[in-house]
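Asker: Pasting in a structure now, in structure tokens, and then I'll have a few things to ask.
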Amino acid sequence: MRAFENLQLGTTEDSQIADPSEVNVESHFSVIDAFKMPAIRFDSVRSGFVIAKNKPSLAGDAASKSAFLRERWAIIKDIILRNENFTPPAIGGTDRSTYLKLSSTRQLLGRPNQLFLLFGILCRSPAGALCLEDPDGMVELDMEDAVPGEGLFTEGCMVLIEGEWTVEEKVRVLALGHPPSEKREVARSLHGHIDFLGGGAISIKEEQKYLPTVLANTQVSFVVLSDIWLDHPRVLSALQQMFEGYANTAEYRPMVFVLCGNFCQAGWQCDEGMDQYIRGFNGLTELLISIPLLHSSHFVFVPGPADPWSSPVLPRPAIPSALASQLISKIPNAQFVSNPCRIKYFGMEIVICRENLMGKMIRNLVVCKEGDGVDMKRYFVQTILDQTHLSPLPLTIRPTLWEFDHALRLYPMPSALVLADKYEKYELTYEGCHVFNPGKFVRGIGEDGWEFEWSMYYPATGKSERSVLTLE
């Protein structure tokens, strides 16, 4: 037991607090492509994570297609059962009967007019009826009296349902809600020895060792931009002014620029689409070469929904190197990666996803809480993090490569989550995870000229701030 605790905590003789002045920050920074992440699977028998026996394939078989949803269900159920509301008291007493108990669909049979608490995935029956499915079966839902909790409820979401089993063999739903989330530090205390990202696991003790370094480097920042339309006549001028502004402030020069697509306003399938991409990236290359003070910064390029080779499937591979060969050869710190991708900074994990997901979730709502005080942006963020997944939608609506489902997983909860979307800009923190949408880089024409916006994230504070530029 002692050895296992040491493994979890990373306890060694060399675990003293590191001197921030002696730490090379660059050596603790890396960008992880979704297709290079280790395939970590959840073993429901051990209630822990293990390395997959087989290498994931782009053309997954039927067995893996049925397994990925069961695995997602098992991970969330494990989180639920650790929640204090679902944990029975260690010693029998008066409050032993007050904790919540989950039932399976199999336990409903022959027990009409009784209340049950169920956990499963919202789906449709072959006849089109709304149902709840778990590994033991599927039951039809009567939503007439349902009172939804906070969040967005769509098909594909894992939900908790309180309801009555009726003689018509339906569940009359009284209340439904998203499963409870689990903070990053709790998950890390349980699975700190697992290398979810690749490159070696960072123990809790090692994370604590370098925490003063993270806090001391208040100048370290990540600049995040979305929809960088390189074919737009004003974009390169705006980028030049932005880059020069950062280059002239040596103390706060960004460590990394994250540039998310789409990189062409018209898309690659239009006339001269591919040539526009090549011209756009060549123009960006010349711009970056002209500002040598930024050559120490990293440039991360994340494809958008309409970038080549555009596909509705997530994760999406990086933009083909042939379209940006000049940039790759002349800017050594440029990286073209998948969508989504992740940034590892000391013990922090920043997830970056470029997807118009907010609109998809709203268009496919099954039910949502109504009334004053409803904050759709907060509901959206809460849903994504409670579901521990970047795409809590059915494959028919949001196709994914199911053998790479681990690359879309948000467990343990990341330190920060960038949900770059064409939806309006926002920033908020939920359960310790800072989530923000930088908005479209080209905001439009304002009173004083063309307006451009993006976000800056500061790891030392765990917060982001909005940046705006106006060109006459």
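The way I read the labels, and the way they are meant: chains A, B, ... in the order of the structure tokens, residue 1 as the first residue of every chain, and ligand 1 as the first ligand shown, with later ones counted on from there.
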Give the strand (DSSP E) residues of stretch 36-285 of chain A, as DSSP finds them on the backbone, and put them as a ChimeraX atom specification.

Answerer: /A:40-43,48-51,114-124,130-134,137-142,147-148,152-154,158-165,170-177,222-225,256-260

Asker: Name the residues in contact with stretch 97-108 of chain A at a cut-off of 12 Å, using only C-alpha atoms, excluding same-chain residues fewer than 2 positions from it; report them as a PyMOL selection string.

Answerer: chain A and resi 77-78+80-95+110-121+131-141+159-167+169-171+179

Asker: Can you tell me which residues surround A:Phe301 at a distance of at most 8 Å, considering only C-alpha atoms, apart from same-chain residues fewer than 5 positions away, and format the answer as a PDB file with C-alpha atoms, in the first residue's frame?

Answerer:
ATOM      1  CA  VAL A 258      -2.710  29.135 -31.098  1.00  0.00           C
ATOM      2  CA  LEU A 259      -4.268  29.841 -34.494  1.00  0.00           C
ATOM      3  CA  CYS A 260      -7.506  27.966 -35.163  1.00  0.00           C
ATOM      4  CA  GLY A 261      -9.258  27.636 -38.529  1.00  0.00           C
ATOM      5  CA  ALA A 334       5.388  26.095 -36.129  1.00  0.00           C
ATOM      6  CA  GLN A 335       3.308  22.979 -35.497  1.00  0.00           C
ATOM      7  CA  PHE A 336       0.304  21.795 -37.493  1.00  0.00           C
ATOM      8  CA  VAL A 337      -1.732  19.524 -35.243  1.00  0.00           C
TER       9      VAL A 337
END

Asker: Of the candidates A:Ala407, A:Met242, A:Ile76, A:Val256, which one gets nearest to A:Ser221 if we count only C-alpha atoms?

Answerer: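 Under the stated criterion, the closest residue is A:Val256.
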
Asker: Which one is closest to A:Ala322: A:Ile32, A:Val25, A:Val223, A:Ile278? Count only C-alpha atoms.

Answerer: A:Ile278

Asker: Would you pick out the contacts of A:Glu465 at 10 Å or less, using only C-alpha atoms, so that residues sharing its chain but fewer than 5 positions from it are not included, and give the list as a count of residues only?

Answerer: 10

Asker: Hey, what's within 9 Å of A:Gly151 if we count only C-alpha atoms and toss same-chain stuff fewer than 2 positions away? As a list of chain:residue names, please?

Answerer: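 The filter keeps A:Pro148, A:Gly149, A:Phe153, A:Gly177, A:His178, A:Cys368, A:Lys369, A:Met376, A:Arg378, A:Tyr379, A:Phe380, A:Val381, A:Gln382, A:Thr383.
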
Asker: For C-alpha atoms, I'd like the residues from the last selection saved as a PDB file, in the first residue's frame.

Answerer:
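After the write, again.pdb holds the following:
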ATOM      1  CA  PRO A 148     -34.908  19.348 -16.130  1.00  0.00           C
ATOM      2  CA  GLY A 149     -31.931  20.526 -14.126  1.00  0.00           C
ATOM      3  CA  PHE A 153     -30.000  17.753 -22.698  1.00  0.00           C
ATOM      4  CA  GLY A 177     -30.025  16.106 -14.606  1.00  0.00           C
ATOM      5  CA  HIS A 178     -26.435  15.744 -15.672  1.00  0.00           C
ATOM      6  CA  CYS A 368     -33.874  22.458 -21.356  1.00  0.00           C
ATOM      7  CA  LYS A 369     -34.680  24.392 -18.223  1.00  0.00           C
ATOM      8  CA  MET A 376     -27.062  29.130 -22.254  1.00  0.00           C
ATOM      9  CA  ARG A 378     -22.908  28.344 -18.788  1.00  0.00           C
ATOM     10  CA  TYR A 379     -25.328  25.483 -19.482  1.00  0.00           C
ATOM     11  CA  PHE A 380     -23.243  24.530 -22.513  1.00  0.00           C
ATOM     12  CA  VAL A 381     -19.957  24.563 -20.594  1.00  0.00           C
ATOM     13  CA  GLN A 382     -21.491  22.643 -17.699  1.00  0.00           C
ATOM     14  CA  THR A 383     -22.826  20.005 -20.088  1.00  0.00           C
TER      15      THR A 383
END

Asker: Out of A:Ala324, A:Ala34, A:Ala187, A:Leu109, which residue has the shortest atom-to-atom distance to A:Cys353 when counting only C-alpha atoms?

Answerer: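 Among A:Ala324, A:Ala34, A:Ala187, A:Leu109, it is A:Ala34 that comes nearest to A:Cys353.
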
Asker: Excluding A:Pro38 and its own-chain neighbours fewer than 2 positions away, which residues fall within 7 Å of it when counting only C-alpha atoms? Please give them as an MDAnalysis selection string.

Answerer: chainID A and resid 36 40 196:198

Asker: Next, the residues of the selection above should be written as a PDB file, in the first residue's frame with N, CA and C atoms.

Answerer:
ATOM      1  N   LYS A  36      -1.659  11.052 -31.514  1.00  0.00           N
ATOM      2  CA  LYS A  36      -0.441  10.559 -30.875  1.00  0.00           C
ATOM      3  C   LYS A  36      -0.625  10.324 -29.375  1.00  0.00           C
ATOM      4  N   ILE A  40      -5.727   5.021 -23.840  1.00  0.00           N
ATOM      5  CA  ILE A  40      -5.990   4.613 -22.457  1.00  0.00           C
ATOM      6  C   ILE A  40      -7.457   4.220 -22.334  1.00  0.00           C
ATOM      7  N   PHE A 196      -1.958   9.996 -19.425  1.00  0.00           N
ATOM      8  CA  PHE A 196      -3.057  10.176 -20.370  1.00  0.00           C
ATOM      9  C   PHE A 196      -2.611  10.852 -21.661  1.00  0.00           C
ATOM     10  N   LEU A 197      -1.595  11.711 -21.601  1.00  0.00           N
ATOM     11  CA  LEU A 197      -1.211  12.522 -22.755  1.00  0.00           C
ATOM     12  C   LEU A 197      -0.011  11.981 -23.515  1.00  0.00           C
ATOM     13  N   GLY A 198       0.785  11.142 -22.885  1.00  0.00           N
ATOM     14  CA  GLY A 198       2.026  10.699 -23.504  1.00  0.00           C
ATOM     15  C   GLY A 198       3.179  11.581 -23.056  1.00  0.00           C
TER      16      GLY A 198
END

Asker: Excluding A:Gly439 and any residue of its chain fewer than 4 positions from it, enumerate the residues within 9 Å of it, using only C-alpha atoms, and give them as a ChimeraX atom specification.

Answerer: /A:225-227,420-426,443,453-455

Asker: Generate a file of the selected residues that holds C-alpha atoms, formatted as a short mmCIF file (atom, residue, chain, number, x, y, z; two decimals), in the first residue's frame.

Answerer:
data_model
loop_
_atom_site.label_atom_id
_atom_site.label_comp_id
_atom_site.auth_asym_id
_atom_site.auth_seq_id
_atom_site.Cartn_x
_atom_site.Cartn_y
_atom_site.Cartn_z
CA LEU A 225 -7.29 33.17 -32.22
CA SER A 226 -10.07 31.52 -34.23
CA ASP A 227 -11.24 31.80 -37.84
CA ALA A 420 -13.34 27.93 -30.32
CA ASP A 421 -16.72 28.43 -31.96
CA LYS A 422 -18.44 30.83 -34.34
CA TYR A 423 -20.81 31.52 -31.43
CA GLU A 424 -20.27 34.77 -29.52
CA LYS A 425 -17.24 35.12 -27.28
CA TYR A 426 -17.42 34.11 -23.60
CA ARG A 443 -15.40 40.67 -35.71
CA GLU A 453 -10.65 40.10 -31.37
CA TRP A 454 -8.91 37.19 -29.68
CA SER A 455 -8.13 35.89 -26.19
#

Asker: Can you pull out every residue from stretch 204-398 of chain A that DSSP, working from the backbone, puts in helix (DSSP H, G or I), and format the result as a ChimeraX atom specification?

Answerer: /A:204-216,235-247,250-252,273-289,292-294,321-330,357-363,376-386

Asker: I need the chosen residues saved as a PDB file, in the first residue's frame, with C-alpha atoms.

Answerer:
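Printed below is again32.pdb as written:
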ATOM      1  CA  ILE A 204       1.018  15.106  -7.825  1.00  0.00           C
ATOM      2  CA  LYS A 205       4.264  15.672  -5.921  1.00  0.00           C
ATOM      3  CA  GLU A 206       6.055  16.784  -9.074  1.00  0.00           C
ATOM      4  CA  GLU A 207       3.159  19.092  -9.919  1.00  0.00           C
ATOM      5  CA  GLN A 208       3.437  20.679  -6.469  1.00  0.00           C
ATOM      6  CA  LYS A 209       7.201  20.954  -6.875  1.00  0.00           C
ATOM      7  CA  TYR A 210       6.834  23.194  -9.932  1.00  0.00           C
ATOM      8  CA  LEU A 211       3.709  25.098  -8.857  1.00  0.00           C
ATOM      9  CA  PRO A 212       5.754  28.080  -7.560  1.00  0.00           C
ATOM     10  CA  THR A 213       7.421  28.275 -10.983  1.00  0.00           C
ATOM     11  CA  VAL A 214       4.038  28.445 -12.725  1.00  0.00           C
ATOM     12  CA  LEU A 215       2.825  31.139 -10.329  1.00  0.00           C
ATOM     13  CA  ALA A 216       6.060  33.133 -10.592  1.00  0.00           C
ATOM     14  CA  VAL A 235      -6.485  39.819 -41.878  1.00  0.00           C
ATOM     15  CA  LEU A 236      -2.743  39.881 -42.633  1.00  0.00           C
ATOM     16  CA  SER A 237      -2.618  43.604 -41.806  1.00  0.00           C
ATOM     17  CA  ALA A 238      -4.391  42.948 -38.504  1.00  0.00           C
ATOM     18  CA  LEU A 239      -2.066  40.042 -37.723  1.00  0.00           C
ATOM     19  CA  GLN A 240       0.969  42.190 -38.497  1.00  0.00           C
ATOM     20  CA  GLN A 241      -0.163  44.920 -36.110  1.00  0.00           C
ATOM     21  CA  MET A 242      -0.966  42.344 -33.426  1.00  0.00           C
ATOM     22  CA  PHE A 243       2.360  40.501 -33.808  1.00  0.00           C
ATOM     23  CA  GLU A 244       4.379  43.732 -33.807  1.00  0.00           C
ATOM     24  CA  GLY A 245       2.577  44.887 -30.674  1.00  0.00           C
ATOM     25  CA  TYR A 246       3.534  41.705 -28.840  1.00  0.00           C
ATOM     26  CA  ALA A 247       7.089  41.767 -30.213  1.00  0.00           C
ATOM     27  CA  ALA A 250       9.538  41.876 -24.444  1.00  0.00           C
ATOM     28  CA  GLU A 251       8.391  41.303 -20.869  1.00  0.00           C
ATOM     29  CA  TYR A 252       5.005  39.926 -21.939  1.00  0.00           C
ATOM     30  CA  GLY A 273      -9.534  26.997 -52.906  1.00  0.00           C
ATOM     31  CA  MET A 274      -6.225  25.167 -52.544  1.00  0.00           C
ATOM     32  CA  ASP A 275      -4.283  28.011 -54.160  1.00  0.00           C
ATOM     33  CA  GLN A 276      -5.855  30.427 -51.680  1.00  0.00           C
ATOM     34  CA  TYR A 277      -4.591  28.314 -48.792  1.00  0.00           C
ATOM     35  CA  ILE A 278      -1.071  28.202 -50.225  1.00  0.00           C
ATOM     36  CA  ARG A 279      -1.029  31.954 -50.893  1.00  0.00           C
ATOM     37  CA  GLY A 280      -2.438  32.662 -47.436  1.00  0.00           C
ATOM     38  CA  PHE A 281       0.129  30.557 -45.579  1.00  0.00           C
ATOM     39  CA  ASN A 282       2.959  31.949 -47.739  1.00  0.00           C
ATOM     40  CA  GLY A 283       1.850  35.475 -46.845  1.00  0.00           C
ATOM     41  CA  LEU A 284       1.759  34.545 -43.161  1.00  0.00           C
ATOM     42  CA  THR A 285       5.258  33.059 -43.475  1.00  0.00           C
ATOM     43  CA  GLU A 286       6.672  36.311 -44.871  1.00  0.00           C
ATOM     44  CA  LEU A 287       4.964  38.215 -42.076  1.00  0.00           C
ATOM     45  CA  LEU A 288       6.432  36.023 -39.327  1.00  0.00           C
ATOM     46  CA  ILE A 289       9.922  36.132 -40.859  1.00  0.00           C
ATOM     47  CA  PRO A 292      12.402  38.078 -35.640  1.00  0.00           C
ATOM     48  CA  LEU A 293      11.563  38.928 -32.014  1.00  0.00           C
ATOM     49  CA  LEU A 294       8.734  36.376 -32.163  1.00  0.00           C
ATOM     50  CA  SER A 321       1.786  19.997 -44.840  1.00  0.00           C
ATOM     51  CA  ALA A 322       1.889  20.545 -48.616  1.00  0.00           C
ATOM     52  CA  LEU A 323      -0.307  23.630 -48.202  1.00  0.00           C
ATOM     53  CA  ALA A 324       2.078  25.242 -45.723  1.00  0.00           C
ATOM     54  CA  SER A 325       5.445  23.772 -46.709  1.00  0.00           C
ATOM     55  CA  GLN A 326       7.128  27.179 -46.799  1.00  0.00           C
ATOM     56  CA  LEU A 327       5.881  28.088 -43.311  1.00  0.00           C
ATOM     57  CA  ILE A 328       6.936  24.726 -41.861  1.00  0.00           C
ATOM     58  CA  SER A 329      10.437  24.971 -43.338  1.00  0.00           C
ATOM     59  CA  LYS A 330      11.094  28.599 -42.367  1.00  0.00           C
ATOM     60  CA  LEU A 357     -20.616  22.746 -31.116  1.00  0.00           C
ATOM     61  CA  MET A 358     -22.848  25.266 -29.347  1.00  0.00           C
ATOM     62  CA  GLY A 359     -25.214  25.502 -32.315  1.00  0.00           C
ATOM     63  CA  LYS A 360     -25.326  21.726 -32.750  1.00  0.00           C
ATOM     64  CA  MET A 361     -26.229  21.236 -29.091  1.00  0.00           C
ATOM     65  CA  ILE A 362     -29.003  23.844 -29.170  1.00  0.00           C
ATOM     66  CA  ARG A 363     -30.477  22.518 -32.435  1.00  0.00           C
ATOM     67  CA  MET A 376     -27.062  29.130 -22.254  1.00  0.00           C
ATOM     68  CA  LYS A 377     -23.285  29.619 -22.345  1.00  0.00           C
ATOM     69  CA  ARG A 378     -22.908  28.344 -18.788  1.00  0.00           C
ATOM     70  CA  TYR A 379     -25.328  25.483 -19.482  1.00  0.00           C
ATOM     71  CA  PHE A 380     -23.243  24.530 -22.513  1.00  0.00           C
ATOM     72  CA  VAL A 381     -19.957  24.563 -20.594  1.00  0.00           C
ATOM     73  CA  GLN A 382     -21.491  22.643 -17.699  1.00  0.00           C
ATOM     74  CA  THR A 383     -22.826  20.005 -20.088  1.00  0.00           C
ATOM     75  CA  ILE A 384     -19.480  19.453 -21.813  1.00  0.00           C
ATOM     76  CA  LEU A 385     -17.560  19.110 -18.537  1.00  0.00           C
ATOM     77  CA  ASP A 386     -20.202  17.043 -16.726  1.00  0.00           C
TER      78      ASP A 386
END

Asker: From the list A:Pro414, A:Gly156, A:Gly449, A:Gly267, which residue is nearest A:Leu393 when using only C-alpha atoms?

Answerer: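 Of A:Pro414, A:Gly156, A:Gly449, A:Gly267, the one nearest A:Leu393, counting only C-alpha atoms, is A:Gly156.
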
Asker: Quick one: of A:Pro254, A:Pro317, A:Pro20, A:Pro332, who's nearest to A:Leu58, counting only C-alpha atoms?

Answerer: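 So, comparing all the options, the nearest one is A:Pro317.
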
Asker: Do you have the atom CA of A:Trp229-atom CA of A:Asp33 distance handy?

Answerer: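 Separation of atom CA of A:Trp229 and atom CA of A:Asp33: 22.8 Å.
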